[in-house]
Structure formats: structure tokens, C-alpha cells
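Enquirer: The following file, input_11.tsv, comprises TSV, C-alpha atoms and all ligand atoms:
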chain	number	residue	atom	x	y	z
A	27	MET	CA	0.09	6.35	-14.40
A	28	ARG	CA	2.75	4.78	-12.16
A	29	LEU	CA	1.60	5.52	-8.68
A	30	LEU	CA	2.12	4.34	-5.11
A	31	ILE	CA	-0.47	4.79	-2.35
A	32	MET	CA	0.97	4.55	1.14
A	33	GLY	CA	-0.38	5.14	4.63
A	34	ALA	CA	-0.72	3.51	8.02
A	35	PRO	CA	-2.84	0.35	8.41
A	36	GLY	CA	-6.48	1.20	7.72
A	37	SER	CA	-5.76	4.61	6.20
A	38	GLY	CA	-7.66	3.63	3.06
A	39	LYS	CA	-4.89	2.51	0.70
A	40	GLY	CA	-6.85	-0.43	-0.63
A	41	THR	CA	-10.13	1.48	-0.90
A	42	GLN	CA	-8.58	4.40	-2.76
A	43	THR	CA	-6.45	2.19	-4.98
A	44	VAL	CA	-9.54	0.33	-6.17
A	45	CYS	CA	-11.32	3.68	-6.84
A	46	LEU	CA	-8.38	5.00	-8.84
A	47	ALA	CA	-7.85	1.77	-10.76
A	48	SER	CA	-11.45	1.69	-11.91
A	49	ARG	CA	-11.05	5.21	-13.33
A	50	SER	CA	-7.58	4.92	-14.82
A	51	ARG	CA	-7.55	1.46	-16.46
A	52	VAL	CA	-4.25	0.39	-14.95
A	53	PRO	CA	-3.93	-2.61	-12.60
A	54	ALA	CA	-4.06	-2.25	-8.83
A	55	ILE	CA	-1.30	-4.24	-7.18
A	56	SER	CA	-1.84	-4.83	-3.47
A	57	THR	CA	0.91	-6.82	-1.77
A	58	GLY	CA	-1.42	-7.47	1.18
A	59	ASP	CA	-4.11	-8.91	-1.14
A	60	ILE	CA	-1.59	-11.06	-3.01
A	61	PHE	CA	-0.23	-12.44	0.25
A	62	ARG	CA	-3.76	-13.11	1.59
A	63	ALA	CA	-4.72	-14.93	-1.64
A	64	ASN	CA	-1.63	-17.11	-1.29
A	65	VAL	CA	-2.37	-17.82	2.36
A	66	ALA	CA	-5.94	-18.82	1.43
A	67	ALA	CA	-4.68	-21.06	-1.39
A	68	GLY	CA	-2.04	-22.65	0.85
A	69	THR	CA	0.83	-21.95	-1.55
A	70	ALA	CA	4.48	-22.01	-0.49
A	71	LEU	CA	4.46	-18.20	-0.60
A	72	GLY	CA	1.38	-18.10	1.62
A	73	ARG	CA	2.92	-20.52	4.12
A	74	ARG	CA	6.04	-18.32	4.24
A	75	ALA	CA	4.03	-15.09	4.71
A	76	ARG	CA	1.27	-16.22	7.09
A	77	ASP	CA	3.02	-16.04	10.46
A	78	PHE	CA	4.50	-12.61	9.72
A	79	MET	CA	1.10	-11.28	8.68
A	80	ASN	CA	-0.76	-12.72	11.65
A	81	ALA	CA	1.76	-11.10	14.01
A	82	GLY	CA	1.58	-7.72	12.24
A	83	GLU	CA	5.20	-7.95	11.02
A	84	TYR	CA	6.42	-7.36	7.51
A	85	VAL	CA	7.09	-10.31	5.23
A	86	PRO	CA	10.86	-10.40	4.50
A	87	ASP	CA	12.04	-8.07	1.75
A	88	ASP	CA	13.50	-10.79	-0.48
A	89	VAL	CA	10.15	-12.59	-0.65
A	90	THR	CA	8.15	-9.40	-1.23
A	91	ASN	CA	10.52	-7.91	-3.77
A	92	ALA	CA	10.59	-11.06	-5.90
A	93	MET	CA	6.78	-11.26	-5.85
A	94	VAL	CA	6.29	-7.64	-6.96
A	95	ARG	CA	9.02	-7.83	-9.57
A	96	ASP	CA	7.23	-10.78	-11.21
A	97	ARG	CA	3.92	-8.95	-11.10
A	98	LEU	CA	5.31	-5.79	-12.71
A	99	GLN	CA	6.68	-7.82	-15.61
A	100	ARG	CA	3.20	-8.83	-16.71
A	101	PRO	CA	1.92	-7.14	-19.89
A	102	ASP	CA	-0.92	-5.29	-18.14
A	103	CYS	CA	1.64	-3.15	-16.30
A	104	ARG	CA	3.10	-1.72	-19.52
A	105	THR	CA	0.79	1.30	-19.42
A	106	GLY	CA	1.12	1.82	-15.69
A	107	PHE	CA	0.13	0.47	-12.29
A	108	LEU	CA	-1.15	1.48	-8.89
A	109	LEU	CA	0.88	0.06	-6.03
A	110	ASP	CA	-1.00	-0.41	-2.76
A	111	GLY	CA	1.36	-0.91	0.18
A	112	TYR	CA	4.62	-1.54	-1.66
A	113	PRO	CA	7.34	-0.41	-1.06
A	114	ARG	CA	7.28	-0.31	2.76
A	115	THR	CA	11.02	-0.44	3.53
A	116	LEU	CA	14.03	1.36	2.13
A	117	ALA	CA	15.27	-1.96	0.69
A	118	GLN	CA	11.95	-2.26	-1.15
A	119	VAL	CA	12.32	1.30	-2.47
A	120	ASP	CA	15.68	0.34	-3.96
A	121	ALA	CA	14.33	-2.91	-5.40
A	122	LEU	CA	11.39	-1.12	-7.03
A	123	ASP	CA	13.62	1.58	-8.50
A	124	ALA	CA	15.92	-1.11	-9.92
A	125	ALA	CA	13.05	-3.12	-11.42
A	126	LEU	CA	11.50	-0.04	-13.01
A	127	GLY	CA	14.86	1.31	-14.15
A	128	GLU	CA	15.57	-1.90	-16.06
A	129	ALA	CA	12.34	-1.30	-17.98
A	130	GLY	CA	13.26	2.36	-18.58
A	131	SER	CA	10.51	3.52	-16.27
A	132	MET	CA	10.11	5.22	-12.89
A	133	LEU	CA	7.52	6.03	-10.23
A	134	GLU	CA	5.55	9.22	-11.04
A	135	SER	CA	3.74	10.05	-7.81
A	136	VAL	CA	3.35	8.86	-4.23
A	137	ILE	CA	0.15	9.46	-2.28
A	138	GLU	CA	0.37	9.38	1.51
A	139	LEU	CA	-3.01	9.06	3.27
A	140	VAL	CA	-2.94	10.72	6.69
A	141	VAL	CA	-5.47	9.67	9.38
A	142	ASP	CA	-5.45	9.98	13.18
A	143	PRO	CA	-4.06	6.67	14.62
A	144	ASP	CA	-6.92	6.17	17.11
A	145	LYS	CA	-9.50	6.59	14.33
A	146	LEU	CA	-7.61	3.92	12.40
A	147	VAL	CA	-7.93	1.45	15.26
A	148	ALA	CA	-11.68	2.10	15.33
A	149	ARG	CA	-11.95	1.59	11.55
A	150	LEU	CA	-10.08	-1.70	11.66
A	151	LEU	CA	-12.07	-3.01	14.62
A	152	ARG	CA	-15.24	-2.27	12.65
A	153	ARG	CA	-13.80	-4.23	9.73
A	154	ALA	CA	-12.93	-7.09	12.09
A	155	GLN	CA	-16.64	-7.49	12.84
A	156	SER	CA	-17.63	-7.68	9.17
A	157	GLU	CA	-14.63	-9.42	7.57
A	158	GLY	CA	-12.85	-11.22	10.42
A	159	ARG	CA	-9.32	-10.47	9.24
A	160	VAL	CA	-7.04	-12.21	11.71
A	161	ASP	CA	-4.67	-9.24	11.99
A	162	ASP	CA	-7.50	-6.84	12.94
A	163	THR	CA	-7.24	-7.30	16.72
A	164	VAL	CA	-6.29	-4.38	19.00
A	165	GLU	CA	-2.93	-5.97	19.84
A	166	VAL	CA	-1.95	-6.74	16.24
A	167	ILE	CA	-3.28	-3.41	14.93
A	168	ARG	CA	-1.04	-1.58	17.45
A	169	ARG	CA	1.93	-3.68	16.33
A	170	ARG	CA	1.15	-2.92	12.67
A	171	GLN	CA	1.12	0.79	13.55
A	172	GLU	CA	4.52	0.48	15.29
A	173	VAL	CA	6.03	-1.37	12.34
A	174	TYR	CA	4.64	1.25	9.96
A	175	ASN	CA	6.07	4.11	12.03
A	176	GLU	CA	9.47	2.45	12.33
A	177	GLN	CA	9.95	1.12	8.81
A	178	THR	CA	7.57	2.84	6.39
A	179	ALA	CA	6.91	6.38	7.64
A	180	PRO	CA	10.55	7.35	6.90
A	181	LEU	CA	9.91	6.65	3.20
A	182	THR	CA	7.78	9.80	3.03
A	183	THR	CA	10.89	11.92	3.61
A	184	HIS	CA	12.66	10.04	0.85
A	185	TYR	CA	9.82	10.54	-1.64
A	186	ALA	CA	9.33	14.17	-0.60
A	187	GLU	CA	12.99	14.82	-1.40
A	188	ARG	CA	12.39	13.32	-4.83
A	189	GLY	CA	9.46	15.67	-5.33
A	190	LEU	CA	6.95	12.82	-5.68
A	191	LEU	CA	4.99	13.02	-2.43
A	192	HIS	CA	1.35	14.17	-2.15
A	193	ARG	CA	0.15	14.25	1.49
A	194	ILE	CA	-3.63	13.76	1.54
A	195	ASP	CA	-6.07	14.06	4.43
A	196	GLY	CA	-7.53	10.55	4.57
A	197	GLU	CA	-10.41	11.42	6.94
A	198	GLY	CA	-13.98	11.98	5.79
A	199	GLU	CA	-16.10	10.12	3.25
A	200	VAL	CA	-14.37	7.80	0.79
A	201	GLY	CA	-15.54	10.01	-2.10
A	202	GLN	CA	-14.14	13.14	-0.45
A	203	VAL	CA	-10.74	11.49	-0.05
A	204	ALA	CA	-10.85	10.31	-3.68
A	205	ALA	CA	-11.60	13.88	-4.80
A	206	ARG	CA	-8.64	15.21	-2.80
A	207	ILE	CA	-6.37	12.65	-4.45
A	208	ALA	CA	-7.67	13.54	-7.93
A	209	ASP	CA	-7.14	17.26	-7.25
A	210	SER	CA	-3.64	16.71	-5.99
A	211	LEU	CA	-2.71	14.53	-8.96
A	212	ALA	CA	-4.23	17.08	-11.35
A	213	GLY	CA	-1.84	19.62	-9.84
A	214	ALA	CA	0.95	17.27	-10.92
A	215	LEU	CA	-0.65	17.05	-14.39
A	216	ILE	CA	-1.76	13.44	-13.88
A	217	LYS	CA	-5.34	13.09	-15.08
A	218	VAL	CA	-7.80	10.72	-13.36
A	219	SER	CA	-10.82	10.05	-15.61
A	220	SER	CA	-14.21	10.80	-14.09
A	301	LIG	P1	-2.18	-4.89	4.01
A	301	LIG	O1	-3.38	-5.68	3.64
A	301	LIG	O2	-1.67	-3.92	3.04
A	301	LIG	O3	-2.51	-4.23	5.41
A	301	LIG	P2	-2.28	-2.76	5.99
A	301	LIG	O4	-1.14	-2.03	5.44
A	301	LIG	O5	-2.26	-2.99	7.46
A	301	LIG	O6	-3.52	-2.00	5.49
A	301	LIG	P3	-5.05	-2.41	5.49
A	301	LIG	O7	-5.33	-3.33	4.36
A	301	LIG	O8	-5.50	-2.89	6.83
A	301	LIG	O9	-5.70	-0.99	5.31
A	301	LIG	P4	-5.71	0.01	4.08
A	301	LIG	O10	-4.85	1.18	4.37
A	301	LIG	O11	-5.51	-0.72	2.79
A	301	LIG	O12	-7.19	0.52	4.22
A	301	LIG	P5	-8.52	-0.11	3.59
A	301	LIG	O13	-8.83	0.57	2.32
A	301	LIG	O14	-8.42	-1.59	3.59
A	301	LIG	O15	-1.00	-5.85	4.41
A	301	LIG	C1	-1.26	-6.92	5.31
A	301	LIG	C2	0.05	-7.56	5.73
A	301	LIG	O16	0.72	-8.10	4.55
A	301	LIG	C3	1.09	-6.65	6.37
A	301	LIG	O17	0.85	-6.45	7.75
A	301	LIG	C4	2.38	-7.44	6.10
A	301	LIG	O18	2.49	-8.53	6.97
A	301	LIG	C5	2.13	-7.96	4.69
A	301	LIG	N1	2.61	-7.02	3.67
A	301	LIG	C6	1.88	-6.31	2.78
A	301	LIG	N2	2.66	-5.54	2.01
A	301	LIG	C7	3.93	-5.76	2.42
A	301	LIG	C8	5.19	-5.24	2.03
A	301	LIG	N3	5.30	-4.33	1.03
A	301	LIG	N4	6.30	-5.68	2.68
A	301	LIG	C9	6.21	-6.61	3.65
A	301	LIG	N5	5.04	-7.13	4.09
A	301	LIG	C10	3.91	-6.71	3.48
A	301	LIG	O19	-9.58	0.39	4.67
A	301	LIG	C11	-9.58	-0.13	5.98
A	301	LIG	C12	-11.03	-0.09	6.51
A	301	LIG	O20	-11.45	1.27	6.61
A	301	LIG	C13	-12.02	-0.80	5.58
A	301	LIG	O21	-13.01	-1.39	6.36
A	301	LIG	C14	-12.59	0.36	4.75
A	301	LIG	O22	-13.89	0.10	4.30
A	301	LIG	C15	-12.57	1.50	5.75
A	301	LIG	N6	-12.37	2.80	5.15
A	301	LIG	C16	-11.60	3.12	4.06
A	301	LIG	N7	-11.66	4.44	3.81
A	301	LIG	C17	-12.47	4.96	4.76
A	301	LIG	C18	-12.91	6.30	5.04
A	301	LIG	N8	-12.54	7.35	4.29
A	301	LIG	N9	-13.71	6.47	6.11
A	301	LIG	C19	-14.09	5.44	6.88
A	301	LIG	N10	-13.74	4.16	6.67
A	301	LIG	C20	-12.91	3.93	5.61
Could you write out this structure as C-alpha cells?
Expert:
Amino acid sequence: MRLLIMGAPGSGKGTQTVCLASRSRVPAISTGDIFRANVAAGTALGRRARDFMNAGEYVPDDVTNAMVRDRLQRPDCRTGFLLDGYPRTLAQVDALDAALGEAGSMLESVIELVVDPDKLVARLLRRAQSEGRVDDTVEVIRRRQEVYNEQTAPLTTHYAERGLLHRIDGEGEVGQVAARIADSLAGALIKVSS
């Protein structure tokens, strides 16, 4: 399984990636989580990424591409991977294709989670109360939505043209969304273990 889950901030990428990874025995690779771990550890990568993240902007492509390329070269990715939130720009699409092409591999499916933008703001403000993520303020959430619409939403057209895109209703219970994803992937003959 070589899969990407994309969607606007708060659409459930991370939640659904973790669900799928636990059932498919391939690693979940979340660029947001990797950046946050580096920020928390105070690494050079974290110091480079922090201000972009706090402002709701994307970390520059060269930094992000190099980080993901390294991660995909680890042995646990040989049987597949689940990408959460990468690629997000056309330059990242090209970098991913190049990295996979060198290994004789390619992306198999792209899941897009679709949720009403106002419901997403409410979800993320709820998370702000429990987790205190610094980018979960109304102002930064709105900026993250703008950046997504400008830079990432166009990737869905690209992946649809390649025949990889599965558009999934991301509203409802987490389990319902997971079942929709499993059904859609089954239609593409990709089995998710139960
Ligand atoms: P990242 O952490 O990926 O942030 P995001 O894209 O804004 O997405 P979120 O993590 O907020 O939401 P999600 O869609 O994963 O939903 P989740 O499952 O968490 O990235 C953070 C930053 O890192 C970026 O802004 C950027 O600066 C940088 N970055 C990352 N990748 C990059 C890249 N490729 N290029 C450049 N920069 C990059 O769920 C959200 C909440 O909703 C949770 O509380 C969850 O419990 C809840 N929830 C989930 N599903 C449901 C449901 N069905 N119903 C109700 N609540 C739900």
C-alpha cells in the first residue's frame, strides 16, 4: 500500500492515517508530526520550521522534500507507506514522484477527505482546548485554510487526472469515515485488513 491522505486542516488526515496504518502494517508518515517533534526537540530542522508552522504557512519545499525523501529510504517503507499531508504543493508532487521513481515505485491511491470549512474550524478549536496546539487559533486556522485552498487543493485535479483520487466524505463518526475509505480502496482492489 502506497497511499496519500490529503484534506484541509482538521479534515481527519492524521486520525484516518493512524487507523489505516494499524490495519495495514505499513508506516504512517506525517510531515506535520515530524516537524512538531523536531520543534519540541529544538533541532535545526525544528528551528527552521517553527515560524512557518506557527503562522499557518507551509515549510519551504526544499526542507520538506529532503525530510520526506530520507524517511522513505528507511527499510520499513519497502512494503509501503501512508503519507499524511505530503505532498501539499506541485513541487512536492514532482519530488515525491522522482523519489519513488528512483526506487521503481509509484503512488497507488490518493484519499481526499472533504469536510465543510466551518465545521473544521469548530473541530480545531475543540482540539485547541484539549491539546493547545499553537496553530489552532481562529486566525491561524483561517490562514491554514487559505494556504490549503491556494496551494494544495489544486493537487486533487492533478491526481484525478492520473486516476488515483478517491473523494471521501469526511463528516460523521471517525469509524464511519474509516469504513468509507476502506470501501473506496476495495473498489480499487486495495485491501485494508479488518
Ligand atoms: P499538519 O499537522 O499536517 O496540520 P494540518 O494539515 O493543518 O492538519 P491537522 O493536523 O490540523 O488536521 P488533520 O487533517 O490531520 O486532522 P486530525 O486527524 O488531526 O501540519 C502542520 C503544519 O506543518 C502545516 O501548517 C505546515 O506549516 C507544516 N507542514 C506539514 N506538512 C507540510 C508539507 N507537506 N509542506 C509544507 N509544510 C508542511 O483531526 C483534527 C481534529 O478533529 C482532532 O481533534 C480529531 O480528533 C478530530 N477529528 C478527526 N476526525 C473527526 C471526525 N470524523 N469527527 C469529528 N472530529 C474528528
Enquirer: Quick one: distance from CA of Glu172 (chain A) to CA of Gly38 (chain A) in Å, one decimal?
Expert: 17.5 Å
Enquirer: So that each row is one residue of chain A with an atom at most 8 Å from ligand LIG 301 (chain A), can you give its shortest atom pair and the distance in Å to one decimal, using only C-alpha atoms and all ligand atoms, rows by chain and rising number, as a tab-separated table?
Expert:
residue	atom	partner	partner_atom	distance
A:Met32	CA	A:LIG301	O10	7.5
A:Gly33	CA	A:LIG301	O10	6.0
A:Ala34	CA	A:LIG301	O10	6.0
A:Pro35	CA	A:LIG301	O5	3.5
A:Gly36	CA	A:LIG301	O9	3.3
A:Ser37	CA	A:LIG301	O10	4.0
A:Gly38	CA	A:LIG301	O12	3.4
A:Lys39	CA	A:LIG301	O11	3.9
A:Gly40	CA	A:LIG301	O11	3.7
A:Thr41	CA	A:LIG301	O13	3.6
A:Gln42	CA	A:LIG301	O13	6.4
A:Thr43	CA	A:LIG301	O13	7.8
A:Ser56	CA	A:LIG301	O2	6.6
A:Thr57	CA	A:LIG301	N2	4.4
A:Gly58	CA	A:LIG301	O1	3.6
A:Asp59	CA	A:LIG301	O1	5.8
A:Phe61	CA	A:LIG301	O16	6.2
A:Arg62	CA	A:LIG301	O16	7.3
A:Ala75	CA	A:LIG301	O18	7.1
A:Arg76	CA	A:LIG301	O18	7.8
A:Phe78	CA	A:LIG301	O18	5.3
A:Met79	CA	A:LIG301	O18	3.5
A:Asn80	CA	A:LIG301	O18	7.1
A:Ala81	CA	A:LIG301	O18	7.5
A:Gly82	CA	A:LIG301	O17	4.7
A:Glu83	CA	A:LIG301	O18	4.9
A:Tyr84	CA	A:LIG301	N5	3.7
A:Val85	CA	A:LIG301	N5	4.0
A:Pro86	CA	A:LIG301	C9	6.1
A:Asp87	CA	A:LIG301	N4	6.3
A:Thr90	CA	A:LIG301	N4	5.7
A:Asn91	CA	A:LIG301	N3	7.9
A:Asp110	CA	A:LIG301	O2	6.8
A:Gly111	CA	A:LIG301	O2	5.1
A:Tyr112	CA	A:LIG301	N3	3.9
A:Pro113	CA	A:LIG301	N3	4.9
A:Arg114	CA	A:LIG301	N3	4.8
A:Thr115	CA	A:LIG301	N4	7.1
A:Gln118	CA	A:LIG301	N3	7.3
A:Leu146	CA	A:LIG301	O20	7.4
A:Arg149	CA	A:LIG301	O20	5.0
A:Leu150	CA	A:LIG301	C12	5.5
A:Arg152	CA	A:LIG301	O21	6.7
A:Arg153	CA	A:LIG301	O21	4.5
A:Asp161	CA	A:LIG301	O17	7.5
A:Asp162	CA	A:LIG301	O8	7.5
A:Ile167	CA	A:LIG301	O5	7.6
A:Arg170	CA	A:LIG301	O17	6.1
A:Gln171	CA	A:LIG301	O5	7.9
A:Gly196	CA	A:LIG301	N8	6.0
A:Glu197	CA	A:LIG301	N8	5.3
A:Gly198	CA	A:LIG301	N8	5.1
A:Glu199	CA	A:LIG301	N8	4.6
A:Val200	CA	A:LIG301	N8	4.0
A:Gly201	CA	A:LIG301	N8	7.5
A:Gln202	CA	A:LIG301	N8	7.7
A:Val203	CA	A:LIG301	N8	6.3
Enquirer: Give the answer as one residue: which of A:Arg104, A:Asp96, A:Ala67, A:His184 has the shortest atom-to-atom distance to Gly130 (chain A), using only C-alpha atoms?
Expert: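 Of A:Arg104, A:Asp96, A:Ala67, A:His184, the one nearest Gly130 (chain A), counting only C-alpha atoms, is A:Arg104.
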Enquirer: Might you pull out every residue within 6 Å of Phe107 (chain A), with all atoms listed in the file counted and same-chain residues fewer than 2 positions away left off, and present them as a list in words?
Expert: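 The contact residues come out as Arg28, Val52, Pro53 and Cys103 of chain A.
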Enquirer: Now that the selection is made, can you save its residues with C-alpha atoms as a PDB file, in the coordinates of the input?
Expert:
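Contents of the output file again_27.pdb:
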ATOM      1  CA  ARG A  28       2.750   4.780 -12.160  1.00  0.00           C
ATOM      2  CA  VAL A  52      -4.250   0.390 -14.950  1.00  0.00           C
ATOM      3  CA  PRO A  53      -3.930  -2.610 -12.600  1.00  0.00           C
ATOM      4  CA  CYS A 103       1.640  -3.150 -16.300  1.00  0.00           C
TER       5      CYS A 103
END
Enquirer: Using Å and a single decimal, report how far CA of Val89 (chain A) sits from CA of Arg73 (chain A).
Expert: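 If I compute the distance from CA of Arg73 (chain A) to CA of Val89 (chain A), I get 11.7 Å.
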Enquirer: Check the smallest atom-to-atom distance from each of A:Ala117, A:Ala47, A:Val140, A:Met93 to Asn64 (chain A) using all atoms listed in the file, then report the winner.
Expert: A:Met93
Enquirer: Counting only C-alpha atoms, note down every residue that has an atom within 6 Å of the point (2.8, 8.6, -6.1) (file coordinates), as a VMD selection string.
Expert: chain A and resid 29 to 30 134 to 137 190
Enquirer: Just how far from CA of Ala54 (chain A) is CA of Arg168 (chain A), in Å to one decimal?
Expert: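 For CA of Arg168 (chain A) relative to CA of Ala54 (chain A), the distance reads 26.5 Å.
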